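data.json follows; it contains JSON, C-alpha atoms.
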[["chain", "number", "residue", "atom", "x", "y", "z"],
["Y", 1172, "MET", "CA", -16.85, 41.59, 4.85],
["Y", 1173, "ASN", "CA", -18.20, 38.33, 6.18],
["Y", 1174, "GLY", "CA", -15.77, 36.49, 3.92],
["Y", 1175, "GLY", "CA", -12.89, 38.28, 5.58],
["Y", 1176, "VAL", "CA", -14.16, 37.41, 9.03],
["Y", 1177, "GLU", "CA", -14.54, 33.78, 8.05],
["Y", 1178, "ALA", "CA", -11.05, 33.72, 6.58],
["Y", 1179, "GLU", "CA", -9.64, 35.25, 9.71],
["Y", 1180, "GLY", "CA", -11.60, 32.84, 11.84],
["Y", 1181, "GLY", "CA", -10.31, 29.97, 9.74],
["Y", 1182, "SER", "CA", -6.76, 31.12, 10.38],
["Y", 1183, "ILE", "CA", -7.39, 31.23, 14.11],
["Y", 1184, "VAL", "CA", -8.58, 27.63, 14.00],
["Y", 1185, "ARG", "CA", -6.03, 26.40, 11.50],
["Y", 1186, "PHE", "CA", -2.86, 27.66, 13.17],
["Y", 1187, "PRO", "CA", -3.49, 25.92, 16.53],
["Y", 1188, "LEU", "CA", -4.27, 22.69, 14.65],
["Y", 1189, "GLU", "CA", -1.04, 22.98, 12.69],
["Y", 1190, "ARG", "CA", 0.91, 23.61, 15.89],
["Y", 1191, "ARG", "CA", -0.75, 20.60, 17.47],
["Y", 1192, "ARG", "CA", 0.17, 18.40, 14.52],
["Y", 1193, "GLU", "CA", 3.76, 19.61, 14.74],
["Y", 1194, "GLU", "CA", 3.85, 18.80, 18.46],
["Y", 1195, "ILE", "CA", 2.53, 15.29, 17.82],
["Y", 1196, "ARG", "CA", 4.99, 14.82, 14.97],
["Y", 1197, "ARG", "CA", 7.97, 15.81, 17.08],
["Y", 1198, "ALA", "CA", 6.78, 13.79, 20.07],
["Y", 1199, "VAL", "CA", 6.42, 10.59, 18.03],
["Y", 1200, "LEU", "CA", 9.77, 11.00, 16.31],
["Y", 1201, "ALA", "CA", 11.47, 11.92, 19.59],
["Y", 1202, "ARG", "CA", 10.08, 8.77, 21.23],
["Y", 1203, "LEU", "CA", 11.08, 6.65, 18.24],
["Y", 1204, "GLY", "CA", 14.59, 8.10, 18.22],
["Y", 1205, "ALA", "CA", 15.05, 7.59, 21.97],
["Y", 1206, "CYS", "CA", 13.86, 3.97, 21.82],
["Y", 1207, "LEU", "CA", 16.10, 3.16, 18.88],
["Y", 1208, "ARG", "CA", 19.08, 4.87, 20.47],
["Y", 1209, "ARG", "CA", 18.89, 2.64, 23.55],
["Y", 1210, "GLY", "CA", 17.94, -0.48, 21.58],
["Y", 1211, "ASP", "CA", 14.37, -0.69, 22.88],
["Y", 1212, "VAL", "CA", 12.86, -2.53, 19.92],
["Y", 1213, "SER", "CA", 9.43, -2.97, 21.52],
["Y", 1214, "GLY", "CA", 9.17, 0.74, 22.29],
["Y", 1215, "ALA", "CA", 10.30, 1.61, 18.78],
["Y", 1216, "ARG", "CA", 7.60, -0.61, 17.30],
["Y", 1217, "ASN", "CA", 4.97, 1.11, 19.42],
["Y", 1218, "ALA", "CA", 6.21, 4.50, 18.25],
["Y", 1219, "LEU", "CA", 6.08, 3.37, 14.63],
["Y", 1220, "CYS", "CA", 2.41, 2.47, 15.14],
["Y", 1221, "ASP", "CA", 1.70, 6.13, 16.05],
["Y", 1222, "GLU", "CA", 2.74, 7.35, 12.62],
["Y", 1223, "PRO", "CA", 1.98, 11.09, 12.23],
["Y", 1224, "GLU", "CA", 0.47, 12.05, 8.91],
["Y", 1225, "GLY", "CA", 3.03, 13.04, 6.29],
["Y", 1226, "GLU", "CA", 6.03, 11.53, 8.07],
["Y", 1227, "GLU", "CA", 6.09, 8.14, 6.37],
["Y", 1228, "GLY", "CA", 9.49, 8.86, 4.80],
["Y", 1229, "LEU", "CA", 11.27, 9.76, 8.05],
["Y", 1230, "LEU", "CA", 9.65, 6.89, 9.92],
["Y", 1231, "LEU", "CA", 10.85, 4.46, 7.27],
["Y", 1232, "TRP", "CA", 14.45, 5.23, 8.26],
["Y", 1233, "GLY", "CA", 13.52, 4.44, 11.84],
["Y", 1234, "HIS", "CA", 11.84, 1.26, 10.68],
["Y", 1235, "VAL", "CA", 14.99, 0.20, 8.78],
["Y", 1236, "LEU", "CA", 17.04, 0.56, 11.97],
["Y", 1237, "GLU", "CA", 14.39, -1.27, 14.01],
["Y", 1238, "ARG", "CA", 14.57, -4.25, 11.64],
["Y", 1239, "LEU", "CA", 18.39, -4.27, 11.81],
["Y", 1240, "LEU", "CA", 18.25, -4.33, 15.61],
["Y", 1241, "THR", "CA", 16.08, -7.45, 15.43],
["Y", 1242, "GLY", "CA", 18.52, -9.10, 13.01],
["Y", 1243, "ASP", "CA", 16.12, -9.11, 10.06],
["Y", 1244, "GLU", "CA", 18.46, -7.73, 7.38],
["Y", 1245, "GLU", "CA", 16.28, -8.94, 4.53],
["Y", 1246, "ALA", "CA", 13.31, -6.86, 5.72],
["Y", 1247, "ALA", "CA", 15.64, -3.94, 6.48],
["Y", 1248, "LEU", "CA", 16.90, -4.02, 2.90],
["Y", 1249, "ASP", "CA", 13.36, -3.98, 1.49],
["Y", 1250, "LEU", "CA", 12.49, -1.01, 3.72],
["Y", 1251, "LEU", "CA", 15.72, 0.77, 2.76],
["Y", 1252, "PHE", "CA", 14.63, 0.96, -0.88],
["Y", 1253, "LEU", "CA", 11.39, 2.64, 0.21],
["Y", 1254, "ALA", "CA", 13.17, 4.98, 2.65],
["Y", 1255, "ARG", "CA", 15.59, 6.11, -0.03],
["Y", 1256, "SER", "CA", 12.76, 6.90, -2.42],
["Y", 1257, "GLU", "CA", 10.66, 8.74, 0.18],
["Y", 1258, "SER", "CA", 13.35, 10.67, 2.11],
["Y", 1259, "PRO", "CA", 16.77, 10.34, 0.44],
["Y", 1260, "GLU", "CA", 18.13, 13.30, 2.39],
["Y", 1261, "VAL", "CA", 18.20, 11.23, 5.60],
["Y", 1262, "GLU", "CA", 20.81, 8.73, 4.39],
["Y", 1263, "ALA", "CA", 23.84, 11.00, 4.77],
["Y", 1264, "PHE", "CA", 22.88, 11.59, 8.41],
["Y", 1265, "ALA", "CA", 22.22, 7.88, 9.04],
["Y", 1266, "ARG", "CA", 25.66, 7.01, 7.59],
["Y", 1267, "GLY", "CA", 27.30, 9.69, 9.70],
["Y", 1268, "ASP", "CA", 28.51, 11.62, 6.65],
["Y", 1269, "SER", "CA", 26.63, 14.71, 7.84],
["Y", 1270, "ALA", "CA", 27.21, 15.45, 11.50],
["Y", 1271, "PRO", "CA", 24.14, 16.20, 13.65],
["Y", 1272, "GLU", "CA", 23.94, 19.82, 14.65],
["Y", 1273, "ALA", "CA", 22.69, 21.44, 17.83],
["Y", 1274, "SER", "CA", 19.46, 22.41, 16.14],
["Y", 1275, "SER", "CA", 15.79, 21.61, 16.28],
["Y", 1276, "GLY", "CA", 15.85, 19.64, 13.02],
["Y", 1277, "ILE", "CA", 13.98, 16.35, 13.22],
["Y", 1278, "ILE", "CA", 16.64, 14.38, 11.35],
["Y", 1279, "GLU", "CA", 19.58, 15.89, 13.21],
["Y", 1280, "LYS", "CA", 18.02, 15.70, 16.66],
["Y", 1281, "PHE", "CA", 16.26, 12.34, 16.63],
["Y", 1282, "LEU", "CA", 17.15, 10.04, 13.72],
["Y", 1283, "ALA", "CA", 20.88, 10.69, 13.26],
["Y", 1284, "PRO", "CA", 21.76, 10.01, 16.95],
["Y", 1285, "ALA", "CA", 19.69, 6.82, 16.85],
["Y", 1286, "TRP", "CA", 21.73, 5.46, 13.95],
["Y", 1287, "ALA", "CA", 25.01, 6.70, 15.44],
["Y", 1288, "ALA", "CA", 24.31, 4.64, 18.58],
["Y", 1289, "HIS", "CA", 24.54, 1.43, 16.55],
["Y", 1290, "PRO", "CA", 27.88, 1.22, 14.66],
["Y", 1291, "ARG", "CA", 27.05, -2.15, 13.09],
["Y", 1292, "ALA", "CA", 23.93, -0.71, 11.48],
["Y", 1293, "VAL", "CA", 25.93, 2.26, 10.19],
["Y", 1294, "ARG", "CA", 28.57, -0.07, 8.72],
["Y", 1295, "TRP", "CA", 25.79, -2.09, 7.02],
["Y", 1296, "LEU", "CA", 24.40, 1.07, 5.45],
["Y", 1297, "ARG", "CA", 27.83, 2.30, 4.36],
["Y", 1298, "LEU", "CA", 28.64, -1.03, 2.70],
["Y", 1299, "LEU", "CA", 25.38, -0.90, 0.76],
["Y", 1300, "SER", "CA", 26.00, 2.70, -0.23],
["Y", 1301, "ALA", "CA", 29.51, 1.85, -1.44],
["Y", 1302, "ALA", "CA", 28.18, -1.10, -3.45],
["Y", 1303, "ASP", "CA", 25.53, 1.12, -5.03],
["Y", 1304, "ALA", "CA", 28.21, 3.61, -6.04],
["Y", 1305, "GLU", "CA", 30.20, 0.96, -7.92],
["Y", 1306, "PRO", "CA", 29.67, 0.65, -11.67],
["Y", 1307, "PRO", "CA", 27.25, -2.12, -12.59],
["Y", 1308, "ALA", "CA", 28.83, -5.50, -13.13],
["Y", 1309, "ALA", "CA", 29.13, -6.83, -16.65],
["Y", 1310, "PRO", "CA", 26.33, -9.21, -17.65],
["Y", 1311, "PHE", "CA", 27.05, -12.76, -16.57],
["Y", 1312, "ASP", "CA", 27.96, -15.07, -19.44],
["Y", 1313, "LEU", "CA", 26.56, -18.51, -18.67],
["Y", 1314, "GLU", "CA", 28.52, -19.98, -21.59],
["Y", 1315, "GLN", "CA", 31.96, -18.94, -20.37],
["Y", 1316, "ASP", "CA", 34.39, -21.54, -19.07],
["Y", 1317, "PRO", "CA", 32.85, -22.80, -15.80],
["Y", 1318, "SER", "CA", 36.36, -23.13, -14.33],
["Y", 1319, "ALA", "CA", 36.87, -19.36, -14.69],
["Y", 1320, "PRO", "CA", 37.50, -17.63, -11.34],
["Y", 1321, "GLY", "CA", 34.27, -16.52, -9.70],
["Y", 1322, "TYR", "CA", 31.96, -18.41, -12.09],
["Y", 1323, "ALA", "CA", 30.15, -20.44, -9.42],
["Y", 1324, "GLU", "CA", 30.14, -17.59, -6.89],
["Y", 1325, "ARG", "CA", 28.55, -15.17, -9.37],
["Y", 1326, "LEU", "CA", 25.94, -17.71, -10.38],
["Y", 1327, "VAL", "CA", 25.03, -18.31, -6.73],
["Y", 1328, "GLU", "CA", 24.83, -14.55, -6.14],
["Y", 1329, "LEU", "CA", 22.50, -14.04, -9.10],
["Y", 1330, "PHE", "CA", 20.29, -16.90, -7.96],
["Y", 1331, "GLU", "CA", 20.05, -15.55, -4.39],
["Y", 1332, "GLN", "CA", 18.82, -12.22, -5.82],
["Y", 1333, "SER", "CA", 16.25, -13.91, -8.07],
["Y", 1334, "GLU", "CA", 12.49, -14.14, -7.76],
["Y", 1335, "GLU", "CA", 12.84, -17.92, -7.46],
["Y", 1336, "ALA", "CA", 15.07, -17.57, -4.38],
["Y", 1337, "ARG", "CA", 12.70, -14.98, -2.94],
["Y", 1338, "ALA", "CA", 9.81, -17.43, -3.37],
["Y", 1339, "LEU", "CA", 11.83, -20.05, -1.48],
["Y", 1340, "ARG", "CA", 12.43, -17.69, 1.43],
["Y", 1341, "GLU", "CA", 8.71, -16.93, 1.56],
["Y", 1342, "ARG", "CA", 8.19, -20.67, 2.05],
["Y", 1343, "GLY", "CA", 10.66, -20.63, 4.93],
["Y", 1344, "ILE", "CA", 13.51, -22.20, 2.91],
["Y", 1345, "ARG", "CA", 16.78, -20.29, 3.05],
["Y", 1346, "PRO", "CA", 18.95, -21.04, -0.01],
["Y", 1347, "ARG", "CA", 22.16, -22.63, 1.24],
["Y", 1348, "TRP", "CA", 23.09, -25.73, -0.77],
["Y", 1349, "LEU", "CA", 23.59, -24.34, -4.27],
["Y", 1350, "GLY", "CA", 27.22, -23.32, -3.71],
["Y", 1351, "LEU", "CA", 28.13, -26.81, -2.52],
["Y", 1352, "PHE", "CA", 26.21, -28.33, -5.42],
["Y", 1353, "LEU", "CA", 27.99, -26.17, -8.02],
["Y", 1354, "ASP", "CA", 31.44, -26.73, -6.50],
["Y", 1355, "TYR", "CA", 30.97, -30.48, -6.76],
["Y", 1356, "LEU", "CA", 29.33, -30.29, -10.15],
["Y", 1357, "LEU", "CA", 32.03, -28.15, -11.76],
["Y", 1358, "ASP", "CA", 34.79, -30.27, -10.24],
["Y", 1359, "ARG", "CA", 33.35, -33.62, -11.36],
["Y", 1360, "LEU", "CA", 31.48, -32.52, -14.45],
["Y", 1361, "PRO", "CA", 33.26, -29.47, -15.92],
["Y", 1362, "ALA", "CA", 30.57, -28.53, -18.41],
["Y", 1363, "ALA", "CA", 28.65, -25.32, -18.97],
["Y", 1364, "PRO", "CA", 25.02, -25.56, -17.78],
["Y", 1365, "ARG", "CA", 23.80, -25.76, -21.37],
["Y", 1366, "ALA", "CA", 25.70, -29.03, -21.78],
["Y", 1367, "LEU", "CA", 24.46, -30.69, -18.57],
["Y", 1368, "ASP", "CA", 22.40, -33.81, -18.84],
["Y", 1369, "ALA", "CA", 20.17, -35.78, -16.51],
["Y", 1370, "ALA", "CA", 22.78, -38.50, -15.93],
["Y", 1371, "GLY", "CA", 25.30, -35.97, -14.61],
["Y", 1372, "LEU", "CA", 22.79, -34.50, -12.20],
["Y", 1373, "GLU", "CA", 21.78, -37.97, -11.01],
["Y", 1374, "GLU", "CA", 25.42, -38.54, -10.03],
["Y", 1375, "VAL", "CA", 25.47, -35.26, -8.13],
["Y", 1376, "MET", "CA", 22.28, -36.15, -6.30],
["Y", 1377, "ARG", "CA", 23.61, -39.58, -5.29],
["Y", 1378, "GLU", "CA", 27.01, -38.29, -4.12],
["Y", 1379, "ILE", "CA", 27.01, -34.69, -2.96],
["Y", 1380, "LEU", "CA", 23.50, -34.12, -1.65],
["Y", 1381, "PRO", "CA", 23.64, -36.82, 1.02],
["Y", 1382, "ALA", "CA", 27.16, -35.65, 1.95],
["Y", 1383, "GLY", "CA", 25.99, -32.07, 2.41],
["Y", 1384, "SER", "CA", 22.88, -32.97, 4.35],
["Y", 1385, "SER", "CA", 22.54, -33.27, 8.10],
["Y", 1386, "GLY", "CA", 20.72, -36.50, 7.39],
["Y", 1387, "SER", "CA", 17.14, -35.37, 7.95],
["Y", 1388, "ASP", "CA", 14.30, -35.88, 5.51],
["Y", 1389, "GLU", "CA", 13.41, -32.21, 6.02],
["Y", 1390, "ASP", "CA", 16.86, -31.20, 4.74],
["Y", 1391, "ALA", "CA", 16.39, -33.47, 1.74],
["Y", 1392, "GLY", "CA", 13.13, -31.76, 0.80],
["Y", 1393, "LYS", "CA", 14.68, -28.31, 1.15],
["Y", 1394, "MET", "CA", 17.67, -29.29, -1.00],
["Y", 1395, "LEU", "CA", 15.43, -30.52, -3.77],
["Y", 1396, "ALA", "CA", 13.23, -27.42, -3.59],
["Y", 1397, "GLU", "CA", 16.31, -25.21, -3.93],
["Y", 1398, "LEU", "CA", 17.65, -27.14, -6.92],
["Y", 1399, "ILE", "CA", 14.27, -27.11, -8.64],
["Y", 1400, "ALA", "CA", 14.14, -23.33, -8.10],
["Y", 1401, "PHE", "CA", 17.65, -23.03, -9.53],
["Y", 1402, "CYS", "CA", 16.60, -24.90, -12.68],
["Y", 1403, "ASP", "CA", 13.61, -22.58, -13.03],
["Y", 1404, "PHE", "CA", 15.96, -19.60, -12.60],
["Y", 1405, "LEU", "CA", 18.29, -20.86, -15.36],
["Y", 1406, "GLY", "CA", 15.35, -21.23, -17.72],
["Y", 1407, "ARG", "CA", 13.82, -17.84, -16.99],
["Y", 1408, "GLU", "CA", 16.97, -15.73, -16.67],
["Y", 1409, "PHE", "CA", 19.14, -17.35, -19.36],
["Y", 1410, "GLY", "CA", 16.64, -19.14, -21.57],
["Y", 1411, "LEU", "CA", 18.37, -22.46, -20.96],
["Y", 1412, "PRO", "CA", 16.49, -24.95, -23.16],
["Y", 1413, "ASN", "CA", 17.17, -28.12, -21.17],
["Y", 1414, "THR", "CA", 15.90, -26.91, -17.78],
["Y", 1415, "GLY", "CA", 12.79, -29.07, -18.03],
["Y", 1416, "ARG", "CA", 14.89, -32.23, -18.22],
["Y", 1417, "LEU", "CA", 17.25, -31.05, -15.50],
["Y", 1418, "ARG", "CA", 14.35, -30.09, -13.24],
["Y", 1419, "ALA", "CA", 12.85, -33.55, -13.62],
["Y", 1420, "VAL", "CA", 15.93, -35.08, -11.96],
["Y", 1421, "PHE", "CA", 15.01, -33.30, -8.73],
["Y", 1422, "ASP", "CA", 11.26, -33.58, -9.14],
["Y", 1423, "ALA", "CA", 9.13, -36.71, -9.43],
["Y", 1424, "GLY", "CA", 10.66, -39.62, -7.51],
["Y", 1425, "ALA", "CA", 13.76, -37.68, -6.50],
["Y", 1426, "ALA", "CA", 12.73, -37.33, -2.87],
["Y", 1427, "GLY", "CA", 12.46, -41.10, -2.45],
["Y", 1428, "ARG", "CA", 15.87, -41.71, -4.03],
["Y", 1429, "LEU", "CA", 17.51, -39.03, -1.93],
["Y", 1430, "HIS", "CA", 15.89, -40.28, 1.28],
["Y", 1431, "GLN", "CA", 17.20, -43.78, 0.49],
["Y", 1432, "ALA", "CA", 20.71, -42.40, -0.03],
["Y", 1433, "LEU", "CA", 20.47, -40.58, 3.29],
["Y", 1434, "ARG", "CA", 19.34, -43.74, 5.10],
["Y", 1435, "GLU", "CA", 22.18, -45.74, 3.55],
["Y", 1436, "ARG", "CA", 24.67, -43.08, 4.67],
["Y", 1437, "ARG", "CA", 23.27, -43.11, 8.21],
["Y", 1438, "ASP", "CA", 23.36, -46.92, 8.40],
["Y", 1439, "ALA", "CA", 26.85, -47.23, 6.92]]

Show me the file's structure as C-alpha cells.
Amino acid sequence: MNGGVEAEGGSIVRFPLERRREEIRRAVLARLGACLRRGDVSGARNALCDEPEGEEGLLLWGHVLERLLTGDEEAALDLLFLARSESPEVEAFARGDSAPEASSGIIEKFLAPAWAAHPRAVRWLRLLSAADAEPPAAPFDLEQDPSAPGYAERLVELFEQSEEARALRERGIRPRWLGLFLDYLLDRLPAAPRALDAAGLEEVMREILPAGSSGSDEDAGKMLAELIAFCDFLGREFGLPNTGRLRAVFDAGAAGRLHQALRERRDA
C-alpha cells in the first residue's frame, strides 16, 4: 500500500518537473531561434550557453548557423558533421526542403524560420548536401600526366582537406600559395612529383615565390611552411619516396635564401 502511495507521490513530483524542463527547453530554443532569425549573434551565443539537457543535437544546428553568421565557415563545417550525426532530421527543414508548419514543433517553429531568414546560409547547406549526394570521385593518380586537365586543381583540393593543411590553419597560416606554385612548376618543369628533384624546386623558389609574395618576411615564412606541409602530405598520402629531399629545399637555409630574393626584388 505504501509502495503505491510513494509511486503516486513520485508521479506528482515528476510530472511538474518534466513540464518545467519542457518549458525551459522551449524557452531556450525560442530565444535562440529569434536571435538567429534577426542576426543577433551575441544573443544567439548567450542562448547556446543555456543548453537544456538532451537538446545538444538541435542546438548544434543553431550553432552551425551562428558560426555562418560570423563568417567562420570552417567551424560551421566541423559543427555540421556533428549536427548531422546527432539530429539528421533537422537538415531538410534547414535547407527549406520541408516547409515549416503552423504547429508547436520545435524544429518547425524555431529552427527552420531562423535558417530561412538567411538565404546565403541555406545556399551553403544546399551546396554541401548536393556535393555529398554525388558519387565519390575516383582516386587521384599522382603518376598521371601532370598536364592533364584538373591535375593541379585536384592536388590542391586534396592538400587543403589534409591533416597537414589543418595543422597549418591551427598555426594561423591559411594555405594559399600552393596553386601558384604548382602552376609555375608544371609549366616550367612538366614532371610528375615522383620525378621532381631538388634543383627544380630551387628554381621555383628563386623565381615564383618572390613573384607571388607581397614582399614581407612574414609571407616568406608562411610560403615555406605551406610547401613543407605539402611535401609531408605527398609522403604520407602517396608514399612519395623523395619527399625528404624535396622538403629539405624549403627547410634549413631556405628562409635566408628566400628573404634575399625578396630584398633583391624590392631593391630592383

(request) Would you mind listing what lies within 7 Å of range 1346-1351 of chain Y as a PyMOL selection string, with all atoms listed in the file counted and same-chain residues fewer than 6 positions away left out? (result) chain Y and resi 1327+1336+1394+1397

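Taking CA of Glu1262 in chain Y and CA of Leu1329 in chain Y as endpoints, the distance between them is 26.5 Å.
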
(message) Here is a test: counting only C-alpha atoms, which residue of Y:Phe1404, Y:Phe1264, Y:Phe1252, Y:Trp1232 is nearest to Glu1334 in chain Y?
(response)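 Between Y:Phe1404, Y:Phe1264, Y:Phe1252, Y:Trp1232, the residue approaching Glu1334 in chain Y most closely is Y:Phe1404.
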
(message) To one decimal place in Å, what is the distance between CA of Leu1251 in chain Y and CA of Leu1231 in chain Y?
(response)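 Separation between CA of Leu1251 in chain Y and CA of Leu1231 in chain Y: 7.6 Å.
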
(request) Name the residues in contact with Arg1418 in chain Y at a cut-off of 10 Å, using all atoms listed in the file, excluding same-chain residues fewer than 6 positions from it; report them as a ChimeraX atom specification. (result) /Y:1369,1372,1395,1398-1403,1406

(message) Quick check, in Å to one decimal: how far apart do CA of Leu1200 in chain Y and CA of Phe1281 in chain Y lie?
(response)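 Between CA of Leu1200 in chain Y and CA of Phe1281 in chain Y the gap is 6.6 Å.
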
(request) Could you give me, as a ChimeraX atom specification, the residues within 7 Å of Ala1285 in chain Y, counting only C-alpha atoms and dropping anything in the same chain fewer than 3 positions from it? (result) /Y:1204-1205,1207-1208,1281-1282,1288

(message) Calculated over all atoms listed in the file, which of the candidates Y:Glu1341, Y:Gly1210, Y:Cys1220, Y:Asp1354 has the smallest distance to Ala1246 in chain Y?
(response) Y:Glu1341

(request) Excluding Ala1396 in chain Y and any residue of its chain fewer than 4 positions from it, enumerate the residues within 9 Å of it, using all atoms listed in the file, and give them as an MDAnalysis selection string. (result) chainID Y and resid 1339 1344 1391:1392 1400:1401 1421:1422

Using C-alpha atoms, can you write the selected residues to a file as a PDB file, keeping the file's coordinate frame?
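And here's out_35.pdb as it stands now:
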ATOM      1  CA  LEU Y1339      11.830 -20.050  -1.480  1.00  0.00           C
ATOM      2  CA  ILE Y1344      13.510 -22.200   2.910  1.00  0.00           C
ATOM      3  CA  ALA Y1391      16.390 -33.470   1.740  1.00  0.00           C
ATOM      4  CA  GLY Y1392      13.130 -31.760   0.800  1.00  0.00           C
ATOM      5  CA  ALA Y1400      14.140 -23.330  -8.100  1.00  0.00           C
ATOM      6  CA  PHE Y1401      17.650 -23.030  -9.530  1.00  0.00           C
ATOM      7  CA  PHE Y1421      15.010 -33.300  -8.730  1.00  0.00           C
ATOM      8  CA  ASP Y1422      11.260 -33.580  -9.140  1.00  0.00           C
TER       9      ASP Y1422
END

(request) Using all atoms listed in the file, pick whichever of Y:Asp1249, Y:Glu1373, Y:Leu1405, Y:Leu1299 has the shortest atom-to-atom distance to Leu1326 in chain Y. (result)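 Nearest candidate to Leu1326 in chain Y out of Y:Asp1249, Y:Glu1373, Y:Leu1405, Y:Leu1299: Y:Leu1405.
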
What's around Leu1219 in chain Y at 9 Å? Count only C-alpha atoms, leave out sequence neighbours fewer than 2 positions away in its own chain, and write the answer as a PDB file with C-alpha atoms, in the frame of the given file.
ATOM      1  CA  VAL Y1199       6.420  10.590  18.030  1.00  0.00           C
ATOM      2  CA  LEU Y1200       9.770  11.000  16.310  1.00  0.00           C
ATOM      3  CA  LEU Y1203      11.080   6.650  18.240  1.00  0.00           C
ATOM      4  CA  GLY Y1214       9.170   0.740  22.290  1.00  0.00           C
ATOM      5  CA  ALA Y1215      10.300   1.610  18.780  1.00  0.00           C
ATOM      6  CA  ARG Y1216       7.600  -0.610  17.300  1.00  0.00           C
ATOM      7  CA  ASN Y1217       4.970   1.110  19.420  1.00  0.00           C
ATOM      8  CA  ASP Y1221       1.700   6.130  16.050  1.00  0.00           C
ATOM      9  CA  GLU Y1222       2.740   7.350  12.620  1.00  0.00           C
ATOM     10  CA  LEU Y1230       9.650   6.890   9.920  1.00  0.00           C
ATOM     11  CA  LEU Y1231      10.850   4.460   7.270  1.00  0.00           C
ATOM     12  CA  GLY Y1233      13.520   4.440  11.840  1.00  0.00           C
ATOM     13  CA  HIS Y1234      11.840   1.260  10.680  1.00  0.00           C
TER      14      HIS Y1234
END

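Distances to Leu1250 in chain Y were evaluated for Y:Arg1407, Y:Leu1229, Y:Ala1263, Y:Arg1197 using all atoms listed in the file, and the minimum falls at Y:Leu1229.
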
(message) Which residue is closest to Leu1240 in chain Y? Choose from Y:Ile1278, Y:His1289, Y:Ser1256, Y:Arg1202 and count all atoms listed in the file.
(response)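 Once distances to Leu1240 in chain Y are computed over all atoms listed in the file, the minimum belongs to Y:His1289.
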
Provide an axis-aligned box for all listed atoms of range 1310-1315 of chain Y, padding each side by 5 Å; report its centre and its edge lengths in Å to one decimal, as JSON.
{"center_x": 29.1, "center_y": -14.6, "center_z": -19.1, "size_x": 15.6, "size_y": 20.8, "size_z": 15.0}

Kindly reconstruct range 1388-1405 of chain Y with N, CA and C atoms and present the result as a tab-separated table (two decimals), in the frame of the given file.
chain	number	residue	atom	x	y	z
Y	1388	ASP	N	15.17	-35.92	6.68
Y	1388	ASP	CA	14.30	-35.88	5.51
Y	1388	ASP	C	13.89	-34.44	5.21
Y	1389	GLU	N	13.78	-33.61	6.24
Y	1389	GLU	CA	13.41	-32.21	6.02
Y	1389	GLU	C	14.48	-31.51	5.19
Y	1390	ASP	N	15.77	-31.77	5.52
Y	1390	ASP	CA	16.86	-31.20	4.74
Y	1390	ASP	C	16.79	-31.65	3.29
Y	1391	ALA	N	16.47	-32.93	3.09
Y	1391	ALA	CA	16.39	-33.47	1.74
Y	1391	ALA	C	15.35	-32.71	0.92
Y	1392	GLY	N	14.19	-32.48	1.51
Y	1392	GLY	CA	13.13	-31.76	0.80
Y	1392	GLY	C	13.54	-30.34	0.46
Y	1393	LYS	N	14.25	-29.69	1.38
Y	1393	LYS	CA	14.68	-28.31	1.15
Y	1393	LYS	C	15.75	-28.26	0.05
Y	1394	MET	N	16.65	-29.23	0.06
Y	1394	MET	CA	17.67	-29.29	-1.00
Y	1394	MET	C	17.02	-29.39	-2.37
Y	1395	LEU	N	16.08	-30.32	-2.48
Y	1395	LEU	CA	15.43	-30.52	-3.77
Y	1395	LEU	C	14.66	-29.29	-4.20
Y	1396	ALA	N	13.98	-28.64	-3.26
Y	1396	ALA	CA	13.23	-27.42	-3.59
Y	1396	ALA	C	14.16	-26.34	-4.10
Y	1397	GLU	N	15.35	-26.23	-3.49
Y	1397	GLU	CA	16.31	-25.21	-3.93
Y	1397	GLU	C	16.84	-25.52	-5.33
Y	1398	LEU	N	17.12	-26.78	-5.60
Y	1398	LEU	CA	17.65	-27.14	-6.92
Y	1398	LEU	C	16.59	-27.01	-8.01
Y	1399	ILE	N	15.36	-27.32	-7.67
Y	1399	ILE	CA	14.27	-27.11	-8.64
Y	1399	ILE	C	14.14	-25.61	-8.95
Y	1400	ALA	N	14.21	-24.78	-7.89
Y	1400	ALA	CA	14.14	-23.33	-8.10
Y	1400	ALA	C	15.30	-22.84	-8.94
Y	1401	PHE	N	16.48	-23.42	-8.75
Y	1401	PHE	CA	17.65	-23.03	-9.53
Y	1401	PHE	C	17.45	-23.37	-11.01
Y	1402	CYS	N	16.89	-24.54	-11.28
Y	1402	CYS	CA	16.60	-24.90	-12.68
Y	1402	CYS	C	15.61	-23.92	-13.30
Y	1403	ASP	N	14.58	-23.55	-12.53
Y	1403	ASP	CA	13.61	-22.58	-13.03
Y	1403	ASP	C	14.29	-21.23	-13.30
Y	1404	PHE	N	15.22	-20.86	-12.43
Y	1404	PHE	CA	15.96	-19.60	-12.60
Y	1404	PHE	C	16.80	-19.63	-13.89
Y	1405	LEU	N	17.48	-20.75	-14.14
Y	1405	LEU	CA	18.29	-20.86	-15.36
Y	1405	LEU	C	17.42	-20.72	-16.61
